[in-house]
Amino acid sequence: MSLQENFLWGGASAANQCEGGIYEDGRGLANVDVCPAGKDRQDVITGRRKMLRMDKEHVYPAAEAVDFYHHFREDIALLAEMGFRVYRMSIAWTRIFPRGDEEEPNEAGLRFYEEVFRECRMHGIQPLVTICHFDCPVGLIEKYGGWRNRKMIDFYLRLCRTLFTRYKEYVVYWLNFNEINMILHAPFMGAGLCFEEGENEEAVKYQAAHHELVAGALAVKLAHEINPENKVGCMFAAGSAYPCTCRPEDVWEALLTDQENYFFVDVQARGYYPSYAKSRLSRQGIWPVMAEGDEEILQENPVDFISFSYYNSRCIAAPGTGGEEAEGNLFKSAKNPYLQYSEWGWPIDPLGLRITLNEVYDRYQKPLFIVENGLGAVDTPDEKGEIDDGYRIDYLREHIRAMKAAVEEDGVELMGYTTWAPIDLISAGSGEMRKRYGFVYVDKQEDGSGTFARSRKRSFYWYRKVIETNGEVL
Ligand code: BG6
């Protein structure tokens, strides 16, 4: 089996990391807007430091980002030039419902995305829309405490109904939440959670997770009712946990790490809380409060497909025995001595992608979609202003090879592959601009200077060829 002919090649972005324009056309303030760049970012995105307004001491990169808000036509034309078949993007909730609890949506916000979708259609690009990519209206955090409150389910569904109805003729592929498991690692960014002193943070996180899981299932139901053609996927931050050694204690710890991650997909794809979660959460006294009917909602509305981001595998040791630590997509693990590392200290493990694809497919037997994979690196233009990003090409080539092997040799059913992120944007984890992922360079610098001019890197031409040959020429 080789990659299907209509394999969805493309790239992925998120509203808060590329759009900017946060004061335009009635948009409201979101959690992602008030996450500063710099040393305080970590405390804010994890909910340890409550910051619901911008102050003068910090820089807030989402405010301008790379100004997709005013450059989207040019950007989508560049994606089309690379032959994109799909563009994964997200909706800024606060463009549609500025405070989050309004009865009626903001027409200007709806119009903006309609224009984006029209542009995609004109170029023959299929949108894949993440309904919620880390964003939550500040209005809902102030009034209701974010996803810890069950009322969030209704506000989220109002957003879903508005989107499914208004964009019925443009969009059939949807993701309900980006990296839903991030709620455990970056709870303010993932779910608008800030913690009060002394409260049981784990209990709050799993309660909020339950609300998101129910909301996600109801979104699947609604999407199917509004348009039977709609396909809704879940999305999680993947990357298998390897035991640091074959010591059973390490193997056990790695299993626990995987279960913590798969918990979300177990519920969203199989439709029920897995027994390990039932048992552990109850024993820890943090079993979430459920409303009558919740279990049926989960059971009756599993997702149509499973999507994930893959940047790296993790190496796990029994507590207190791991040695040196390595960075990674928002959570750390032990250093794997067999791997190379990116400039940001993230392990580079293409075979790990094949392993993850096999594990996830074996576990759920549903179509998969890789919706993020890429290398964050510093790109330096040469004297002619050109960027020779061979390191990015190497990274992507090896990951695509591993992906193809999973499909062609292991029989994994895969719908598509979207790289993170085709056009440079702001980093979610660090808020930096200099951590670039794109095939297209954006002249926006760390100090805020720059013209926003777009230019093609060497990887642009390389990826165009990859798509043109359906992954045959790498
Ligand atoms: C994922 C997110 O966590 O990884 C993206 O879905 C994010 O929003 C990406 O940008 C890469 O992480 P970072 O921290 O390098 O931006």
# chains A, B, ... in the order shown; residues from 1 in each chain; ligands from 1
$ residues_around --residues "Ile306 in chain A" --least-positions-apart "2" --cutoff "6 Å" --atoms "only C-alpha atoms" --output "PyMOL selection string"
chain A and resi 233-234+368
$ residues_around --residues "Ile297 in chain A" --least-positions-apart "5" --cutoff "7 Å" --atoms "only C-alpha atoms" --output "NGL selection string"
:A and (214 or 217-218)
$ write_last_selection --atoms "all heavy atoms" --output "compact mmCIF listing (two decimals), in the first residue's frame"
# COMPACT_ATOMS: atom_id res chain seq x y z
N VAL A 214 -16.76 16.06 27.33
CA VAL A 214 -18.21 16.05 27.03
C VAL A 214 -18.51 17.05 25.91
O VAL A 214 -19.24 16.75 24.96
CB VAL A 214 -19.03 16.37 28.31
CG1 VAL A 214 -20.50 16.56 27.97
CG2 VAL A 214 -18.85 15.27 29.34
N ALA A 217 -17.48 15.66 22.60
CA ALA A 217 -18.40 14.62 22.10
C ALA A 217 -19.68 15.27 21.56
O ALA A 217 -20.19 14.88 20.50
CB ALA A 217 -18.73 13.64 23.22
N LEU A 218 -20.17 16.28 22.28
CA LEU A 218 -21.37 16.96 21.78
C LEU A 218 -21.09 17.72 20.48
O LEU A 218 -21.97 17.87 19.64
CB LEU A 218 -21.92 17.91 22.86
CG LEU A 218 -22.57 17.18 24.06
CD1 LEU A 218 -22.86 18.15 25.20
CD2 LEU A 218 -23.87 16.47 23.62
$ residues_near_ligand --ligand "ligand 1" --cutoff "8 Å" --atoms "only C-alpha atoms and all ligand atoms" --output "list in words"
Ser13, Ala14, Gln17, His133, Phe134, Asn178, Glu179, Met182, Ala237, Ser309, Tyr311, Asn329, Leu330, Glu372, Gly374, Gly376, Trp420, Ala421, Ile426, Ser427, Ala428, Gly429, Ser430, Gly431 and Lys435 of chain A
$ select_by_dssp --residues "range 139-386 of chain A" --states "alpha helix (DSSP H)" --output "PyMOL selection string"
chain A and resi 139-144+152-166+187-191+201-226+248-265+275-283+294-300+350-364
$ closest_residue --among "A:Ala377, A:Leu281, A:Leu213, A:Val171" --to "Gln299 in chain A" --atoms "only C-alpha atoms"
A:Leu213
$ select_by_dssp --residues "range 198-329 of chain A" --states "strand (DSSP E or B)" --output "PDB file with N, CA and C atoms, in the first residue's frame"
ATOM      1  N   LYS A 231     -16.577  15.560   9.267  1.00  0.00           N
ATOM      2  CA  LYS A 231     -15.734  14.579   9.964  1.00  0.00           C
ATOM      3  C   LYS A 231     -15.012  15.329  11.079  1.00  0.00           C
ATOM      4  N   VAL A 232     -15.178  14.835  12.304  1.00  0.00           N
ATOM      5  CA  VAL A 232     -14.567  15.522  13.438  1.00  0.00           C
ATOM      6  C   VAL A 232     -13.508  14.623  14.066  1.00  0.00           C
ATOM      7  N   GLY A 233     -12.343  15.202  14.277  1.00  0.00           N
ATOM      8  CA  GLY A 233     -11.257  14.447  14.911  1.00  0.00           C
ATOM      9  C   GLY A 233     -10.920  15.004  16.280  1.00  0.00           C
ATOM     10  N   CYS A 234     -10.298  14.164  17.109  1.00  0.00           N
ATOM     11  CA  CYS A 234      -9.687  14.681  18.330  1.00  0.00           C
ATOM     12  C   CYS A 234      -8.228  14.982  17.998  1.00  0.00           C
ATOM     13  N   MET A 235      -7.535  15.633  18.898  1.00  0.00           N
ATOM     14  CA  MET A 235      -6.146  15.980  18.632  1.00  0.00           C
ATOM     15  C   MET A 235      -5.373  15.942  19.939  1.00  0.00           C
ATOM     16  N   PHE A 236      -4.259  15.230  19.949  1.00  0.00           N
ATOM     17  CA  PHE A 236      -3.452  15.199  21.174  1.00  0.00           C
ATOM     18  C   PHE A 236      -1.969  15.318  20.846  1.00  0.00           C
ATOM     19  N   ALA A 237      -1.208  15.762  21.841  1.00  0.00           N
ATOM     20  CA  ALA A 237       0.248  15.859  21.680  1.00  0.00           C
ATOM     21  C   ALA A 237       0.802  14.463  21.906  1.00  0.00           C
ATOM     22  N   ALA A 241       6.381   7.081  25.051  1.00  0.00           N
ATOM     23  CA  ALA A 241       7.282   7.116  26.206  1.00  0.00           C
ATOM     24  C   ALA A 241       8.157   5.866  26.169  1.00  0.00           C
ATOM     25  N   TYR A 242       9.464   6.068  26.014  1.00  0.00           N
ATOM     26  CA  TYR A 242      10.383   4.928  26.047  1.00  0.00           C
ATOM     27  C   TYR A 242      10.892   4.768  27.477  1.00  0.00           C
ATOM     28  N   PRO A 243      10.975   3.528  27.959  1.00  0.00           N
ATOM     29  CA  PRO A 243      11.635   3.363  29.260  1.00  0.00           C
ATOM     30  C   PRO A 243      13.122   3.664  29.115  1.00  0.00           C
ATOM     31  N   PHE A 305     -12.009  10.480  13.489  1.00  0.00           N
ATOM     32  CA  PHE A 305     -10.605  10.163  13.219  1.00  0.00           C
ATOM     33  C   PHE A 305      -9.759  10.721  14.352  1.00  0.00           C
ATOM     34  N   ILE A 306      -8.506  10.307  14.380  1.00  0.00           N
ATOM     35  CA  ILE A 306      -7.612  10.735  15.464  1.00  0.00           C
ATOM     36  C   ILE A 306      -6.449  11.508  14.873  1.00  0.00           C
ATOM     37  N   SER A 307      -6.242  12.703  15.371  1.00  0.00           N
ATOM     38  CA  SER A 307      -5.103  13.466  14.869  1.00  0.00           C
ATOM     39  C   SER A 307      -4.157  13.750  16.027  1.00  0.00           C
ATOM     40  N   PHE A 308      -2.921  14.034  15.670  1.00  0.00           N
ATOM     41  CA  PHE A 308      -1.953  14.334  16.728  1.00  0.00           C
ATOM     42  C   PHE A 308      -0.800  15.175  16.201  1.00  0.00           C
ATOM     43  N   SER A 309      -0.118  15.810  17.150  1.00  0.00           N
ATOM     44  CA  SER A 309       1.144  16.475  16.836  1.00  0.00           C
ATOM     45  C   SER A 309       2.248  15.513  17.244  1.00  0.00           C
ATOM     46  N   ARG A 314       9.669  10.511  24.179  1.00  0.00           N
ATOM     47  CA  ARG A 314      10.117  10.870  25.532  1.00  0.00           C
ATOM     48  C   ARG A 314      10.848   9.688  26.139  1.00  0.00           C
ATOM     49  N   CYS A 315      11.722   9.943  27.041  1.00  0.00           N
ATOM     50  CA  CYS A 315      12.466   8.882  27.694  1.00  0.00           C
ATOM     51  C   CYS A 315      12.126   8.957  29.183  1.00  0.00           C
ATOM     52  N   ILE A 316      11.637   7.853  29.736  1.00  0.00           N
ATOM     53  CA  ILE A 316      11.080   7.925  31.097  1.00  0.00           C
ATOM     54  C   ILE A 316      11.800   6.959  32.043  1.00  0.00           C
ATOM     55  N   GLU A 325      18.029  15.930  32.154  1.00  0.00           N
ATOM     56  CA  GLU A 325      16.705  16.138  31.552  1.00  0.00           C
ATOM     57  C   GLU A 325      16.801  16.689  30.137  1.00  0.00           C
ATOM     58  N   ALA A 326      15.804  16.388  29.320  1.00  0.00           N
ATOM     59  CA  ALA A 326      15.724  16.973  27.980  1.00  0.00           C
ATOM     60  C   ALA A 326      14.440  17.779  27.887  1.00  0.00           C
TER      61      ALA A 326
END
$ residues_around --residues "Ala65 in chain A" --least-positions-apart "4" --cutoff "9 Å" --atoms "only C-alpha atoms" --output "NGL selection string"
:A and (16-21 or 60-61 or 425-426 or 433 or 444)
$ residues_around --residues "Thr321 in chain A" --least-positions-apart "5" --cutoff "12 Å" --atoms "only C-alpha atoms" --output "short mmCIF file (atom, residue, chain, number, x, y, z; two decimals) with N, CA, C and O atoms, in the first residue's frame"
data_model
loop_
_atom_site.label_atom_id
_atom_site.label_comp_id
_atom_site.auth_asym_id
_atom_site.auth_seq_id
_atom_site.Cartn_x
_atom_site.Cartn_y
_atom_site.Cartn_z
N PRO A 243 10.98 3.53 27.96
CA PRO A 243 11.64 3.36 29.26
C PRO A 243 13.12 3.66 29.11
O PRO A 243 13.73 3.29 28.11
N CYS A 244 13.70 4.35 30.09
CA CYS A 244 15.12 4.69 30.02
C CYS A 244 16.00 3.45 29.95
O CYS A 244 17.05 3.45 29.33
N THR A 245 15.57 2.39 30.64
CA THR A 245 16.31 1.12 30.61
C THR A 245 15.27 0.01 30.62
O THR A 245 14.07 0.28 30.70
N ARG A 247 14.90 -1.89 33.04
CA ARG A 247 14.52 -2.09 34.45
C ARG A 247 12.99 -2.00 34.55
O ARG A 247 12.40 -1.03 34.09
N GLU A 249 11.00 -1.06 36.68
CA GLU A 249 10.49 0.19 37.27
C GLU A 249 10.44 1.30 36.21
O GLU A 249 9.53 2.13 36.23
N ASP A 250 11.42 1.30 35.32
CA ASP A 250 11.41 2.30 34.24
C ASP A 250 10.29 1.99 33.24
O ASP A 250 9.60 2.89 32.75
N GLU A 253 7.01 3.06 34.69
CA GLU A 253 6.84 4.52 34.67
C GLU A 253 6.51 5.01 33.26
O GLU A 253 5.69 5.92 33.08
N CYS A 315 11.72 9.94 27.04
CA CYS A 315 12.47 8.88 27.69
C CYS A 315 12.13 8.96 29.18
O CYS A 315 12.29 10.00 29.81
N ILE A 316 11.64 7.85 29.74
CA ILE A 316 11.08 7.93 31.10
C ILE A 316 11.80 6.96 32.04
O ILE A 316 12.02 5.80 31.72
N SER A 333 11.49 15.36 29.77
CA SER A 333 11.67 13.94 30.09
C SER A 333 13.18 13.71 30.25
O SER A 333 13.95 14.67 30.21
N ALA A 334 13.57 12.46 30.41
CA ALA A 334 15.01 12.20 30.58
C ALA A 334 15.71 12.26 29.22
O ALA A 334 15.08 12.06 28.19
N LYS A 335 16.98 12.53 29.27
CA LYS A 335 17.74 12.67 28.02
C LYS A 335 17.98 11.28 27.40
O LYS A 335 18.42 10.36 28.08
#
$ closest_residue --among "A:Thr162, A:Glu74, A:Trp174, A:Gly352" --to "Ala453 in chain A" --atoms "only C-alpha atoms"
A:Glu74
$ residues_around --residues "Arg397 in chain A" --least-positions-apart "6" --cutoff "10 Å" --atoms "only C-alpha atoms" --output "MDAnalysis selection string"
chainID A and resid 350 391 403 462:463 466 471 473:474
$ closest_atom_pairs --of "range 138-253 of chain A" --to "range 43-53 of chain A" --cutoff "6 Å" --atoms "only C-alpha atoms" --output "tab-separated table"
residue	atom	partner	partner_atom	distance
A:Ala186	CA	A:Thr46	CA	4.3
A:Pro187	CA	A:Thr46	CA	5.2
A:Phe188	CA	A:Gly47	CA	4.7
A:Met189	CA	A:Ile45	CA	5.0
A:Leu193	CA	A:Gly47	CA	5.9
A:Cys194	CA	A:Gly47	CA	4.3
$ write_last_selection --atoms "N, CA and C atoms" --output "PDB file, in the first residue's frame"
ATOM      1  N   ALA A 186      -0.123  22.679  30.650  1.00  0.00           N
ATOM      2  CA  ALA A 186      -0.197  24.141  30.512  1.00  0.00           C
ATOM      3  C   ALA A 186      -1.672  24.541  30.697  1.00  0.00           C
ATOM      4  N   PRO A 187      -2.190  24.354  31.909  1.00  0.00           N
ATOM      5  CA  PRO A 187      -3.659  24.465  32.107  1.00  0.00           C
ATOM      6  C   PRO A 187      -4.264  25.842  31.846  1.00  0.00           C
ATOM      7  N   PHE A 188      -3.476  26.909  31.968  1.00  0.00           N
ATOM      8  CA  PHE A 188      -4.062  28.217  31.633  1.00  0.00           C
ATOM      9  C   PHE A 188      -4.194  28.330  30.122  1.00  0.00           C
ATOM     10  N   MET A 189      -3.139  27.946  29.417  1.00  0.00           N
ATOM     11  CA  MET A 189      -3.190  28.030  27.964  1.00  0.00           C
ATOM     12  C   MET A 189      -4.185  26.997  27.415  1.00  0.00           C
ATOM     13  N   LEU A 193      -7.379  27.914  32.985  1.00  0.00           N
ATOM     14  CA  LEU A 193      -7.400  27.645  34.432  1.00  0.00           C
ATOM     15  C   LEU A 193      -6.334  28.441  35.179  1.00  0.00           C
ATOM     16  N   CYS A 194      -6.756  29.111  36.248  1.00  0.00           N
ATOM     17  CA  CYS A 194      -5.809  29.717  37.193  1.00  0.00           C
ATOM     18  C   CYS A 194      -6.116  29.054  38.529  1.00  0.00           C
TER      19      CYS A 194
END
$ closest_residue --among "A:Glu5, A:Glu119, A:Asp40, A:Asp25" --to "Pro98 in chain A" --atoms "only C-alpha atoms"
A:Asp25
$ residues_around --residues "range 226-228 of chain A" --least-positions-apart "3" --cutoff "8 Å" --atoms "only C-alpha atoms" --output "list in words"
Phe164, Thr165, Lys168, Leu222 and Ala223 of chain A
$ atom_distance --atom1 "CA of Tyr361 in chain A" --atom2 "CA of Gly411 in chain A"
9.2 Å
$ residues_around --residues "Leu79 in chain A" --least-positions-apart "2" --cutoff "9 Å" --atoms "only C-alpha atoms" --output "list in words"
Gly10, Gly11, Glu74, Asp75, Ile76, Ala77, Glu81, Met82, Gly83, Phe84, Arg85, Tyr87, His123, Ile125, Pro422 and Ile423 of chain A
$ closest_residue --among "A:Trp93, A:Phe452, A:Phe439, A:Phe155" --to "Phe68 in chain A" --atoms "only C-alpha atoms"
A:Phe452
$ closest_residue --among "A:Asp266, A:Asp443, A:Asp135, A:Asp388" --to "Gln365 in chain A" --atoms "only C-alpha atoms"
A:Asp266
$ closest_residue --among "A:Asp379, A:Asp67, A:Glu324, A:Glu409" --to "Ser459 in chain A" --atoms "only C-alpha atoms"
A:Asp379
